[in-house]
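Asks: Sending over a structure as structure tokens; questions will come in a sec.
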Amino acid sequence: MKKVVKFGGSSLASAEQFKKAGDIIRSDEGRRYVVPSAPGKRYDADIKVTDMLYDCYRAAAAGESIEKKLFLIQKRYQEIIEGLSLSLTLDDEFAVIREAFENQAGEDYAASRGEYLNGIVMAEYLGYEFLDSAQYIFFDKKGNLDLERTDECLGAKLAEVERAVIPGFYGSSWDGKVKTFSRGGSDVTGSIVARAVQADIYENWTDVSGFLVTDPRIVDNPAVISTITYKELRELSYMGATVLHEDAIFPIRKEGIPINIRNTNRPLDPGTMIVESTCNKPKYTITGIAGKKGFASINIEKDMMNGEIGFGRKVLEVFEENELSFEHMPSGIDTMTVYVHQSEFESKEQNIIAGIHRAVNPDFIDLESDLALIAVVGRGMRRNRGTAARIFAALAHAHVNVKMIDQGSSEMNIIIGVENRDFETAIRAIYDIFVMSQM
Ligand code: ASP
């Protein structure tokens, strides 16, 4: 068995957390490749080492003294090292970092040191080999991950190494400088490593016991999703569910390597399996509910619209010319509605309205703002009659007015538009009808 295990920041925030991670790794021979994040928060008001590094670098770039800031960062590592009784010192590393900061080595370099140093500590603690990701993970000239080059180089190296620690979050850009992924990007590194070694599984250890059916800030203690497909996950993440970095799926998607989201603080919980496809039936018909507020809709009316060839294209061209992507586009016989992100739309509003007038000469354009979209997602919906009926009965019962309905052809998701103020009520109503009523 070859397992890649990634530990998030809260799983490595202190020596105590490091020990839990160490116990997890040592309890399974297969856990051979470890991808650490930088130390995260130990308590709510704490500051992540990554944020401390950004802050310290900004001070350096502004020509301010960084002694105190750097000292506090080193202290975080020192406490971990002492708590683990390691005879490791990072003095030399911090001397290099100080100089690089003073010589303006760049924000990405600065942020990446959180993972780099945690990787050194982790390798020492486990007795695994340390590999600097800057030498094995590459970005292309456009700043995108160069998966082919990375796969080749990292794959060749890891074929020679039995057990290794590969820090998350960064690699090298085409000109040799350190470059990071976007925030939370250690998840992507884990996925890249899993692909390079053709792992049997990629375990992503965090501080929750998997993906929840819906947002715990809206529903108390929502149920955990035991299995979810990549496609379902993409729908839910797009609509706001966060646990895994969105780009973490792409490197392994075609390899069929499953991802298992696990909880470092509750290692016996099975967590969530993310798979390409599965016969495993979701427990509640639906797999998850997610949503976002802050949409606006542009409602366009024109008599005989349905007979006017090219109408839709001309309208959408106006959005394209204004560099605004649209979310949904439900239509009637003589009406067409375009949903967009309100914050992106506001500054372009008048240009777009004028553009639509010029392009299709409509009878009427009406705008509506403060709308929310809710996605009800589930591979199980395809085989079940009555899912939509249950959703809309629940919403009617909860006195939520539905403004828009859109079901994708995959029959795997139903998108519902409601007013912002009904957002939470709507999610609770849908959750109750599918999950609570089946408990
Ligand atoms: N440490 C980085 C962050 O805070 C990356 C990560 O944790 O995945 O975003």
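FYI, nothing fancy with the structure tokens labels: chains A, B, ... in order, residues from 1 per chain, ligands from 1 as they appear.
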Which residues of chain A have any atom within 8 Å of an atom in ligand 1 when counting only C-alpha atoms and all ligand atoms, and what is the closest pair of atoms for each, with the distance in Å to one decimal? Order the rows by chain and rising number and write it as a tab-separated table.
Replies:
residue	atom	partner	partner_atom_place_in_ligand_line	distance
A:Gly8	CA	ligand 1	7 (O)	5.8
A:Gly9	CA	ligand 1	7 (O)	5.3
A:Ser37	CA	ligand 1	7 (O)	4.6
A:Ala38	CA	ligand 1	1 (N)	4.8
A:Pro39	CA	ligand 1	1 (N)	7.4
A:Gly40	CA	ligand 1	4 (O)	7.1
A:Lys48	CA	ligand 1	4 (O)	6.7
A:Val49	CA	ligand 1	1 (N)	7.3
A:Thr50	CA	ligand 1	1 (N)	5.1
A:Asp51	CA	ligand 1	4 (O)	7.0
A:Ala111	CA	ligand 1	1 (N)	7.4
A:Ser112	CA	ligand 1	1 (N)	7.6
A:Gly114	CA	ligand 1	1 (N)	6.6
A:Glu115	CA	ligand 1	1 (N)	6.5
A:Gly168	CA	ligand 1	8 (O)	6.5
A:Phe169	CA	ligand 1	5 (C)	5.1
A:Phe181	CA	ligand 1	5 (C)	7.8
A:Ser182	CA	ligand 1	9 (O)	6.9
A:Arg183	CA	ligand 1	9 (O)	3.5
A:Gly184	CA	ligand 1	8 (O)	3.2
A:Gly185	CA	ligand 1	8 (O)	4.2
A:Ser186	CA	ligand 1	8 (O)	3.6
A:Asp187	CA	ligand 1	8 (O)	5.8
Asks: Would you return as a VMD selection string the members of range 26-190 of chain A that DSSP assigns to strand (DSSP E) on this structure's backbone?
Replies: chain A and resid 31 to 36 129 to 130 164 to 165 170 to 172 178 to 180
Asks: For the selection just defined, write its residues with all heavy atoms to a file, as a CSV table (one decimal), in the first residue's frame.
Replies:
chain,number,residue,atom,x,y,z
A,31,ARG,N,1.6,4.7,5.1
A,31,ARG,CA,1.6,6.1,5.0
A,31,ARG,C,3.1,6.6,4.9
A,31,ARG,O,3.8,7.1,5.8
A,31,ARG,CB,1.0,6.7,6.3
A,31,ARG,CG,-0.5,6.3,6.4
A,31,ARG,CD,-1.2,6.9,7.6
A,31,ARG,NE,-2.6,6.7,7.4
A,31,ARG,CZ,-3.4,6.2,8.4
A,31,ARG,NH1,-3.0,5.9,9.6
A,31,ARG,NH2,-4.7,5.9,8.1
A,32,ARG,N,3.5,6.6,3.6
A,32,ARG,CA,5.0,6.8,3.3
A,32,ARG,C,5.3,8.2,2.9
A,32,ARG,O,6.5,8.6,2.9
A,32,ARG,CB,5.4,5.8,2.2
A,32,ARG,CG,5.4,4.3,2.7
A,32,ARG,CD,5.5,3.3,1.6
A,32,ARG,NE,6.5,3.7,0.6
A,32,ARG,CZ,6.6,3.0,-0.5
A,32,ARG,NH1,5.8,2.0,-0.8
A,32,ARG,NH2,7.5,3.4,-1.4
A,33,TYR,N,4.4,8.9,2.3
A,33,TYR,CA,4.7,10.2,1.8
A,33,TYR,C,3.8,11.3,2.6
A,33,TYR,O,2.6,11.2,2.5
A,33,TYR,CB,4.5,10.3,0.3
A,33,TYR,CG,5.4,9.3,-0.4
A,33,TYR,CD1,4.9,8.1,-0.9
A,33,TYR,CD2,6.7,9.5,-0.4
A,33,TYR,CE1,5.7,7.1,-1.5
A,33,TYR,CE2,7.6,8.5,-1.0
A,33,TYR,CZ,7.0,7.4,-1.5
A,33,TYR,OH,7.9,6.4,-2.0
A,34,VAL,N,4.5,12.2,3.2
A,34,VAL,CA,3.8,13.1,4.1
A,34,VAL,C,3.9,14.6,3.5
A,34,VAL,O,5.0,15.0,3.2
A,34,VAL,CB,4.4,13.1,5.5
A,34,VAL,CG1,3.6,14.0,6.4
A,34,VAL,CG2,4.3,11.7,6.0
A,35,VAL,N,2.7,15.2,3.4
A,35,VAL,CA,2.7,16.6,2.9
A,35,VAL,C,2.2,17.5,4.1
A,35,VAL,O,1.0,17.5,4.4
A,35,VAL,CB,1.8,16.8,1.7
A,35,VAL,CG1,1.7,18.2,1.3
A,35,VAL,CG2,2.3,15.9,0.6
A,36,PRO,N,3.1,18.3,4.7
A,36,PRO,CA,2.6,19.2,5.8
A,36,PRO,C,2.2,20.6,5.3
A,36,PRO,O,2.9,21.1,4.4
A,36,PRO,CB,3.8,19.2,6.7
A,36,PRO,CG,5.0,19.1,5.8
A,36,PRO,CD,4.5,18.3,4.6
A,129,GLU,N,12.9,11.2,4.8
A,129,GLU,CA,13.8,12.1,4.0
A,129,GLU,C,13.0,13.4,3.7
A,129,GLU,O,11.8,13.4,3.5
A,129,GLU,CB,14.2,11.5,2.7
A,129,GLU,CG,15.2,12.3,2.0
A,129,GLU,CD,15.8,11.5,0.8
A,129,GLU,OE1,15.9,10.2,0.9
A,129,GLU,OE2,16.2,12.1,-0.2
A,130,PHE,N,13.7,14.6,3.8
A,130,PHE,CA,13.0,15.8,3.5
A,130,PHE,C,13.3,16.2,2.0
A,130,PHE,O,14.5,16.2,1.6
A,130,PHE,CB,13.6,17.0,4.4
A,130,PHE,CG,13.1,18.3,4.0
A,130,PHE,CD1,11.8,18.8,4.3
A,130,PHE,CD2,14.0,19.2,3.3
A,130,PHE,CE1,11.4,20.0,3.9
A,130,PHE,CE2,13.5,20.5,2.9
A,130,PHE,CZ,12.3,20.9,3.2
A,164,ALA,N,9.1,9.9,2.6
A,164,ALA,CA,9.6,11.3,2.5
A,164,ALA,C,8.6,12.3,2.9
A,164,ALA,O,7.4,12.0,3.0
A,164,ALA,CB,9.9,11.6,1.0
A,165,VAL,N,9.1,13.5,3.3
A,165,VAL,CA,8.2,14.6,3.6
A,165,VAL,C,8.4,15.6,2.5
A,165,VAL,O,9.5,16.0,2.2
A,165,VAL,CB,8.6,15.2,5.0
A,165,VAL,CG1,7.8,16.5,5.2
A,165,VAL,CG2,8.4,14.2,6.1
A,170,TYR,N,3.9,25.1,-2.3
A,170,TYR,CA,4.8,25.8,-3.2
A,170,TYR,C,5.6,24.9,-4.1
A,170,TYR,O,5.7,23.7,-3.9
A,170,TYR,CB,5.8,26.7,-2.4
A,170,TYR,CG,6.9,26.0,-1.6
A,170,TYR,CD1,8.1,25.8,-2.2
A,170,TYR,CD2,6.7,25.4,-0.4
A,170,TYR,CE1,9.1,25.0,-1.5
A,170,TYR,CE2,7.7,24.7,0.3
A,170,TYR,CZ,8.9,24.5,-0.3
A,170,TYR,OH,9.9,23.8,0.4
A,171,GLY,N,6.2,25.6,-5.1
A,171,GLY,CA,7.1,24.9,-6.0
A,171,GLY,C,8.0,26.0,-6.6
A,171,GLY,O,8.2,27.1,-6.0
A,172,SER,N,8.4,25.8,-7.9
A,172,SER,CA,9.3,26.8,-8.5
A,172,SER,C,8.6,27.3,-9.8
A,172,SER,O,8.0,26.6,-10.5
A,172,SER,CB,10.6,26.2,-9.0
A,172,SER,OG,11.4,26.0,-7.9
A,178,VAL,N,10.8,30.8,-6.1
A,178,VAL,CA,9.7,30.1,-5.3
A,178,VAL,C,8.4,30.7,-5.7
A,178,VAL,O,8.2,31.9,-5.7
A,178,VAL,CB,10.0,30.1,-3.8
A,178,VAL,CG1,8.8,29.6,-3.1
A,178,VAL,CG2,11.2,29.3,-3.5
A,179,LYS,N,7.4,29.8,-5.9
A,179,LYS,CA,6.0,30.3,-6.2
A,179,LYS,C,5.0,29.4,-5.4
A,179,LYS,O,5.2,28.2,-5.3
A,179,LYS,CB,5.8,30.2,-7.7
A,179,LYS,CG,4.4,30.6,-8.1
A,179,LYS,CD,4.2,30.7,-9.6
A,179,LYS,CE,2.7,30.8,-9.9
A,179,LYS,NZ,2.0,31.9,-9.2
A,180,THR,N,4.0,30.1,-4.9
A,180,THR,CA,3.0,29.3,-4.1
A,180,THR,C,1.8,29.1,-4.9
A,180,THR,O,1.5,29.8,-5.9
A,180,THR,CB,2.6,30.1,-2.8
A,180,THR,OG1,2.0,31.3,-3.2
A,180,THR,CG2,3.8,30.3,-1.9
Asks: For range 203-219 of chain A, list every protein, DNA or RNA residue within 9 Å, evaluated using only C-alpha atoms, and leave out those in the same chain fewer than 6 positions away; present the list as a ChimeraX atom specification.
Replies: /A:3-11,21,31,187,190,225-226,228,241-244,258-267,269-273,286-290,424-425,427-428,431,435
Asks: Write the selection just made, keeping N, CA and C atoms, as a compact mmCIF listing (two decimals), in the first residue's frame?
Replies:
# COMPACT_ATOMS: atom_id res chain seq x y z
N LYS A 3 0.36 5.23 0.58
CA LYS A 3 -0.59 6.28 0.92
C LYS A 3 0.13 7.62 1.01
N VAL A 4 -0.51 8.65 0.50
CA VAL A 4 0.00 10.00 0.68
C VAL A 4 -0.88 10.64 1.74
N VAL A 5 -0.24 11.24 2.76
CA VAL A 5 -1.02 11.86 3.81
C VAL A 5 -0.68 13.33 3.90
N LYS A 6 -1.69 14.15 3.80
CA LYS A 6 -1.48 15.61 3.93
C LYS A 6 -2.10 16.05 5.25
N PHE A 7 -1.35 16.84 6.01
CA PHE A 7 -1.89 17.37 7.27
C PHE A 7 -2.05 18.87 7.16
N GLY A 8 -3.23 19.35 7.47
CA GLY A 8 -3.52 20.78 7.41
C GLY A 8 -2.91 21.54 8.59
N GLY A 9 -3.00 22.86 8.54
CA GLY A 9 -2.35 23.71 9.53
C GLY A 9 -2.79 23.46 10.96
N SER A 10 -4.10 23.23 11.17
CA SER A 10 -4.54 23.04 12.55
C SER A 10 -4.07 21.68 13.07
N SER A 11 -3.81 20.74 12.17
CA SER A 11 -3.31 19.42 12.57
C SER A 11 -1.84 19.48 12.98
N ALA A 21 -0.50 13.62 14.70
CA ALA A 21 -0.20 13.32 13.29
C ALA A 21 0.83 12.19 13.22
N ARG A 31 1.62 4.67 5.05
CA ARG A 31 1.65 6.15 5.05
C ARG A 31 3.09 6.64 4.85
N ASP A 187 -3.25 21.30 -0.16
CA ASP A 187 -4.12 20.23 -0.67
C ASP A 187 -3.72 19.84 -2.09
N GLY A 190 -0.57 17.73 -2.06
CA GLY A 190 -0.88 16.35 -1.69
C GLY A 190 -1.36 15.56 -2.90
N ILE A 225 -21.01 13.45 4.95
CA ILE A 225 -21.18 12.72 3.69
C ILE A 225 -20.15 11.59 3.69
N SER A 226 -20.59 10.35 3.53
CA SER A 226 -19.60 9.28 3.60
C SER A 226 -18.86 9.10 2.26
N ILE A 228 -18.59 10.81 -1.81
CA ILE A 228 -19.01 11.85 -2.74
C ILE A 228 -18.18 11.69 -4.02
N ALA A 241 -19.08 25.35 -0.63
CA ALA A 241 -18.63 24.41 0.40
C ALA A 241 -17.10 24.38 0.38
N THR A 242 -16.47 24.53 1.55
CA THR A 242 -15.01 24.52 1.55
C THR A 242 -14.51 23.48 2.54
N VAL A 243 -13.63 22.68 2.12
CA VAL A 243 -12.86 21.78 2.99
C VAL A 243 -11.58 21.51 2.24
N LEU A 244 -11.74 21.30 0.95
CA LEU A 244 -10.60 20.94 0.11
C LEU A 244 -10.41 22.05 -0.93
N PRO A 258 -8.60 7.76 -5.03
CA PRO A 258 -9.59 8.38 -4.14
C PRO A 258 -8.93 9.29 -3.09
N ILE A 259 -9.69 10.28 -2.66
CA ILE A 259 -9.23 11.16 -1.58
C ILE A 259 -10.08 10.84 -0.35
N ASN A 260 -9.43 10.70 0.78
CA ASN A 260 -10.17 10.46 2.01
C ASN A 260 -9.95 11.63 2.96
N ILE A 261 -11.01 12.38 3.25
CA ILE A 261 -10.91 13.49 4.19
C ILE A 261 -11.04 12.92 5.60
N ARG A 262 -10.04 13.19 6.44
CA ARG A 262 -10.05 12.60 7.80
C ARG A 262 -9.80 13.66 8.86
N ASN A 263 -10.16 13.31 10.10
CA ASN A 263 -10.02 14.25 11.21
C ASN A 263 -8.88 13.83 12.12
N THR A 264 -7.83 14.67 12.20
CA THR A 264 -6.67 14.36 13.04
C THR A 264 -7.06 14.21 14.51
N ASN A 265 -8.09 14.93 14.92
CA ASN A 265 -8.51 14.87 16.33
C ASN A 265 -9.45 13.70 16.61
N ARG A 266 -9.95 13.06 15.57
CA ARG A 266 -10.82 11.88 15.74
C ARG A 266 -10.43 10.85 14.68
N PRO A 267 -9.24 10.26 14.87
CA PRO A 267 -8.69 9.42 13.79
C PRO A 267 -9.51 8.17 13.48
N ASP A 269 -12.78 8.16 13.10
CA ASP A 269 -13.90 8.50 12.21
C ASP A 269 -13.51 8.19 10.76
N PRO A 270 -14.40 7.56 10.02
CA PRO A 270 -14.02 7.18 8.64
C PRO A 270 -13.89 8.35 7.68
N GLY A 271 -14.50 9.48 8.00
CA GLY A 271 -14.37 10.66 7.14
C GLY A 271 -15.17 10.52 5.85
N THR A 272 -14.77 11.29 4.86
CA THR A 272 -15.47 11.27 3.56
C THR A 272 -14.55 10.73 2.48
N MET A 273 -15.06 9.83 1.67
CA MET A 273 -14.30 9.35 0.51
C MET A 273 -14.75 10.15 -0.70
N ILE A 286 -30.10 13.05 -1.47
CA ILE A 286 -29.21 14.15 -1.85
C ILE A 286 -27.86 13.92 -1.18
N THR A 287 -26.80 14.43 -1.81
CA THR A 287 -25.48 14.31 -1.20
C THR A 287 -25.16 15.55 -0.38
N GLY A 288 -25.49 16.71 -0.91
CA GLY A 288 -25.18 17.93 -0.16
C GLY A 288 -25.98 19.12 -0.63
N ILE A 289 -25.96 20.16 0.20
CA ILE A 289 -26.63 21.42 -0.14
C ILE A 289 -25.64 22.54 0.13
N ALA A 290 -25.43 23.39 -0.86
CA ALA A 290 -24.54 24.54 -0.64
C ALA A 290 -25.14 25.74 -1.35
N GLU A 424 -30.95 31.19 4.48
CA GLU A 424 -30.75 30.22 5.58
C GLU A 424 -32.00 29.37 5.79
N THR A 425 -33.16 30.02 5.76
CA THR A 425 -34.42 29.29 5.97
C THR A 425 -34.56 28.21 4.91
N ILE A 427 -32.21 26.67 3.15
CA ILE A 427 -31.26 25.56 3.33
C ILE A 427 -31.72 24.65 4.47
N ARG A 428 -32.18 25.26 5.55
CA ARG A 428 -32.65 24.44 6.68
C ARG A 428 -33.85 23.59 6.27
N TYR A 431 -32.65 20.71 4.10
CA TYR A 431 -31.91 19.76 4.94
C TYR A 431 -32.89 18.91 5.75
N VAL A 435 -32.79 15.01 5.32
CA VAL A 435 -31.93 14.36 6.32
C VAL A 435 -32.66 14.11 7.62
Asks: Using backbone DSSP assignments, extract all alpha helix (DSSP H) residues from range 277-392 of chain A; output them as an MDAnalysis selection string.
Replies: chainID A and resid 311:321 342:345 349:360 387:392
Asks: Would you kindly return, as a PyMOL selection string, each protein, DNA or RNA residue with an atom no farther than 10 Å from any atom of Phe364 in chain A, considering only C-alpha atoms and excluding same-chain residues fewer than 5 positions away?
Replies: chain A and resi 299-303+335+357
Asks: Between A:Val121, A:Ala100, A:Leu268, A:Ala194, which residue has the minimum interatomic distance to Ile24 in chain A, considering only C-alpha atoms?
Replies: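 Among A:Val121, A:Ala100, A:Leu268, A:Ala194, it is A:Leu268 that comes nearest to Ile24 in chain A.
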Asks: Please identify all polymer residues within 10 Å of range 248-253 of chain A, counting only C-alpha atoms, omitting same-chain residues fewer than 5 positions from it, and present them as a compact mmCIF listing (two decimals) with all heavy atoms, in the first residue's frame.
Replies:
# COMPACT_ATOMS: atom_id res chain seq x y z
N LEU A 145 0.32 25.32 -12.88
CA LEU A 145 1.12 24.15 -12.55
C LEU A 145 1.54 23.42 -13.83
O LEU A 145 0.70 23.16 -14.71
CB LEU A 145 0.27 23.21 -11.68
CG LEU A 145 0.84 21.83 -11.40
CD1 LEU A 145 2.04 21.94 -10.48
CD2 LEU A 145 -0.23 20.93 -10.79
N LEU A 147 2.13 20.23 -14.87
CA LEU A 147 1.91 18.91 -14.28
C LEU A 147 2.82 17.85 -14.90
O LEU A 147 3.33 16.97 -14.20
CB LEU A 147 0.43 18.52 -14.44
CG LEU A 147 -0.03 17.30 -13.65
CD1 LEU A 147 0.30 17.43 -12.17
CD2 LEU A 147 -1.53 17.09 -13.82
N ASP A 151 5.33 15.87 -12.67
CA ASP A 151 5.07 14.45 -12.52
C ASP A 151 6.33 13.64 -12.84
O ASP A 151 6.68 12.69 -12.11
CB ASP A 151 3.95 14.08 -13.50
CG ASP A 151 3.13 12.94 -12.98
OD1 ASP A 151 3.04 12.79 -11.75
OD2 ASP A 151 2.58 12.20 -13.81
N GLY A 184 -4.41 27.81 0.96
CA GLY A 184 -4.93 26.47 1.16
C GLY A 184 -4.34 25.46 0.18
O GLY A 184 -4.78 24.31 0.08
N GLY A 185 -3.30 25.89 -0.54
CA GLY A 185 -2.78 25.08 -1.65
C GLY A 185 -2.00 23.82 -1.28
O GLY A 185 -1.62 23.06 -2.16
N SER A 186 -1.79 23.56 0.00
CA SER A 186 -1.11 22.31 0.35
C SER A 186 -1.95 21.10 -0.08
O SER A 186 -1.41 20.02 -0.34
CB SER A 186 -0.85 22.22 1.85
OG SER A 186 -0.02 23.28 2.24
N ASP A 187 -3.25 21.30 -0.16
CA ASP A 187 -4.12 20.23 -0.67
C ASP A 187 -3.72 19.84 -2.09
O ASP A 187 -3.80 18.67 -2.46
CB ASP A 187 -5.58 20.74 -0.75
CG ASP A 187 -6.24 20.85 0.60
OD1 ASP A 187 -5.75 20.25 1.56
OD2 ASP A 187 -7.27 21.55 0.68
N VAL A 188 -3.31 20.84 -2.86
CA VAL A 188 -2.94 20.57 -4.25
C VAL A 188 -1.62 19.78 -4.27
O VAL A 188 -1.46 18.82 -5.02
CB VAL A 188 -2.78 21.89 -5.06
CG1 VAL A 188 -2.57 21.59 -6.53
CG2 VAL A 188 -3.98 22.79 -4.85
N THR A 189 -0.69 20.18 -3.40
CA THR A 189 0.58 19.45 -3.33
C THR A 189 0.31 17.98 -3.01
O THR A 189 0.90 17.08 -3.62
CB THR A 189 1.51 20.05 -2.24
OG1 THR A 189 1.57 21.46 -2.43
CG2 THR A 189 2.89 19.44 -2.29
N GLY A 190 -0.57 17.73 -2.06
CA GLY A 190 -0.88 16.35 -1.69
C GLY A 190 -1.36 15.56 -2.90
O GLY A 190 -0.97 14.40 -3.12
N SER A 191 -2.17 16.21 -3.69
CA SER A 191 -2.72 15.55 -4.86
C SER A 191 -1.63 15.28 -5.91
O SER A 191 -1.60 14.21 -6.55
CB SER A 191 -3.80 16.48 -5.41
OG SER A 191 -4.45 15.93 -6.47
N ILE A 192 -0.72 16.23 -6.06
CA ILE A 192 0.39 16.07 -7.02
C ILE A 192 1.29 14.90 -6.59
O ILE A 192 1.71 14.08 -7.41
CB ILE A 192 1.22 17.38 -7.06
CG1 ILE A 192 0.39 18.50 -7.70
CG2 ILE A 192 2.54 17.18 -7.78
CD1 ILE A 192 1.01 19.89 -7.53
N VAL A 193 1.55 14.82 -5.29
CA VAL A 193 2.40 13.74 -4.79
C VAL A 193 1.69 12.39 -4.98
O VAL A 193 2.29 11.39 -5.41
CB VAL A 193 2.79 13.97 -3.30
CG1 VAL A 193 3.56 12.78 -2.75
CG2 VAL A 193 3.59 15.26 -3.15
N ALA A 194 0.39 12.38 -4.70
CA ALA A 194 -0.37 11.13 -4.85
C ALA A 194 -0.31 10.64 -6.30
O ALA A 194 -0.17 9.45 -6.59
CB ALA A 194 -1.82 11.35 -4.42
N ARG A 195 -0.38 11.58 -7.22
CA ARG A 195 -0.30 11.21 -8.63
C ARG A 195 1.10 10.71 -8.98
O ARG A 195 1.26 9.71 -9.67
CB ARG A 195 -0.65 12.44 -9.48
CG ARG A 195 -0.56 12.19 -10.96
CD ARG A 195 -0.75 13.50 -11.70
NE ARG A 195 -0.30 13.37 -13.06
CZ ARG A 195 -1.10 13.42 -14.11
NH1 ARG A 195 -2.38 13.58 -13.96
NH2 ARG A 195 -0.60 13.31 -15.32
N ALA A 196 2.11 11.43 -8.49
CA ALA A 196 3.49 11.08 -8.84
C ALA A 196 3.86 9.67 -8.37
O ALA A 196 4.63 8.98 -9.03
CB ALA A 196 4.45 12.11 -8.27
N GLN A 198 1.58 7.34 -7.78
CA GLN A 198 0.43 6.48 -8.08
C GLN A 198 -0.07 5.82 -6.80
O GLN A 198 -0.12 4.59 -6.66
CB GLN A 198 0.80 5.42 -9.14
CG GLN A 198 0.96 6.02 -10.53
CD GLN A 198 -0.39 6.54 -11.09
OE1 GLN A 198 -1.36 5.81 -11.17
NE2 GLN A 198 -0.44 7.81 -11.44
N ALA A 199 -0.40 6.68 -5.85
CA ALA A 199 -0.82 6.20 -4.53
C ALA A 199 -2.12 5.41 -4.60
O ALA A 199 -2.93 5.60 -5.52
CB ALA A 199 -1.01 7.41 -3.61
N TYR A 202 -5.17 9.02 -1.27
CA TYR A 202 -4.64 10.30 -0.78
C TYR A 202 -5.47 10.68 0.44
O TYR A 202 -6.64 11.01 0.32
CB TYR A 202 -4.74 11.34 -1.90
CG TYR A 202 -4.57 12.80 -1.49
CD1 TYR A 202 -3.89 13.17 -0.34
CD2 TYR A 202 -5.11 13.81 -2.28
CE1 TYR A 202 -3.74 14.51 0.02
CE2 TYR A 202 -4.96 15.16 -1.94
CZ TYR A 202 -4.29 15.49 -0.77
OH TYR A 202 -4.16 16.81 -0.41
N TYR A 230 -16.28 13.12 -7.54
CA TYR A 230 -15.58 14.35 -7.91
C TYR A 230 -16.55 15.39 -8.46
O TYR A 230 -16.44 16.56 -8.19
CB TYR A 230 -14.54 14.07 -9.00
CG TYR A 230 -13.37 13.21 -8.61
CD1 TYR A 230 -12.81 12.33 -9.52
CD2 TYR A 230 -12.80 13.31 -7.35
CE1 TYR A 230 -11.71 11.55 -9.19
CE2 TYR A 230 -11.71 12.53 -7.01
CZ TYR A 230 -11.16 11.65 -7.93
OH TYR A 230 -10.09 10.90 -7.61
N LYS A 231 -17.50 14.90 -9.28
CA LYS A 231 -18.44 15.84 -9.91
C LYS A 231 -19.33 16.52 -8.88
O LYS A 231 -19.57 17.71 -8.95
CB LYS A 231 -19.34 15.08 -10.89
CG LYS A 231 -18.75 14.95 -12.25
CD LYS A 231 -19.84 14.50 -13.21
CE LYS A 231 -19.22 13.99 -14.48
NZ LYS A 231 -19.95 12.89 -15.06
N LEU A 233 -18.65 16.95 -5.82
CA LEU A 233 -17.81 17.84 -5.02
C LEU A 233 -17.57 19.16 -5.74
O LEU A 233 -17.62 20.23 -5.15
CB LEU A 233 -16.46 17.15 -4.75
CG LEU A 233 -15.49 17.99 -3.94
CD1 LEU A 233 -16.04 18.23 -2.55
CD2 LEU A 233 -14.15 17.30 -3.83
N ARG A 234 -17.36 19.05 -7.03
CA ARG A 234 -17.12 20.27 -7.82
C ARG A 234 -18.34 21.20 -7.73
O ARG A 234 -18.21 22.39 -7.54
CB ARG A 234 -16.82 19.86 -9.26
CG ARG A 234 -16.91 20.94 -10.25
CD ARG A 234 -15.54 21.45 -10.68
NE ARG A 234 -15.68 22.47 -11.69
CZ ARG A 234 -15.52 23.78 -11.46
NH1 ARG A 234 -15.17 24.22 -10.29
NH2 ARG A 234 -15.69 24.65 -12.43
N PRO A 258 -8.60 7.76 -5.03
CA PRO A 258 -9.59 8.38 -4.14
C PRO A 258 -8.93 9.29 -3.09
O PRO A 258 -7.78 9.08 -2.72
CB PRO A 258 -10.25 7.19 -3.45
CG PRO A 258 -9.29 6.07 -3.58
CD PRO A 258 -8.40 6.33 -4.76
N ILE A 259 -9.69 10.28 -2.66
CA ILE A 259 -9.23 11.16 -1.58
C ILE A 259 -10.08 10.84 -0.35
O ILE A 259 -11.30 10.71 -0.46
CB ILE A 259 -9.43 12.65 -1.93
CG1 ILE A 259 -8.79 12.99 -3.28
CG2 ILE A 259 -8.86 13.54 -0.84
CD1 ILE A 259 -9.07 14.42 -3.76
N ILE A 274 -13.77 10.67 -1.43
CA ILE A 274 -14.07 11.38 -2.68
C ILE A 274 -13.58 10.48 -3.81
O ILE A 274 -12.39 10.15 -3.88
CB ILE A 274 -13.34 12.74 -2.74
CG1 ILE A 274 -13.65 13.55 -1.48
CG2 ILE A 274 -13.74 13.50 -3.99
CD1 ILE A 274 -12.79 14.78 -1.32
N VAL A 275 -14.49 10.06 -4.68
CA VAL A 275 -14.15 9.06 -5.69
C VAL A 275 -14.63 9.49 -7.07
O VAL A 275 -15.46 10.40 -7.19
CB VAL A 275 -14.81 7.70 -5.34
CG1 VAL A 275 -14.29 7.17 -4.01
CG2 VAL A 275 -16.33 7.85 -5.27
N GLU A 276 -14.11 8.82 -8.08
CA GLU A 276 -14.52 9.18 -9.43
C GLU A 276 -15.97 8.75 -9.67
O GLU A 276 -16.79 9.51 -10.15
CB GLU A 276 -13.58 8.56 -10.45
CG GLU A 276 -13.77 9.20 -11.79
CD GLU A 276 -13.02 8.50 -12.88
OE1 GLU A 276 -12.28 7.55 -12.60
OE2 GLU A 276 -13.20 8.92 -14.02
Asks: Near Pro362 in chain A, counting only C-alpha atoms, which residues have an atom at most 12 Å away, once you skip same-chain residues fewer than 3 positions from it, shown as a list in words?
Replies: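 Non-adjacent residues within range: Asn299, Ile300, Glu301, Lys302, Asp303, Met304, Met305, Glu308, Phe311, Gly312, Lys314, Val315, Asp334, Thr335, Met336, Ile353, Ala354, Gly355, Ile356, His357, Arg358, Ala359, Ile365 and Asp366 of chain A.
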Asks: Just the residues within 7 Å of Asp200 in chain A, please, counting only C-alpha atoms, with nothing from its chain fewer than 6 positions along; format it as a VMD selection string.
Replies: chain A and resid 1 to 3 257
Asks: Measuring between only C-alpha atoms, which one of A:Asp46, A:Glu102, A:Asp432, A:Asp146 shows the shortest distance to Ala394 in chain A?
Replies: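 So, comparing all the options, the nearest one is A:Asp432.
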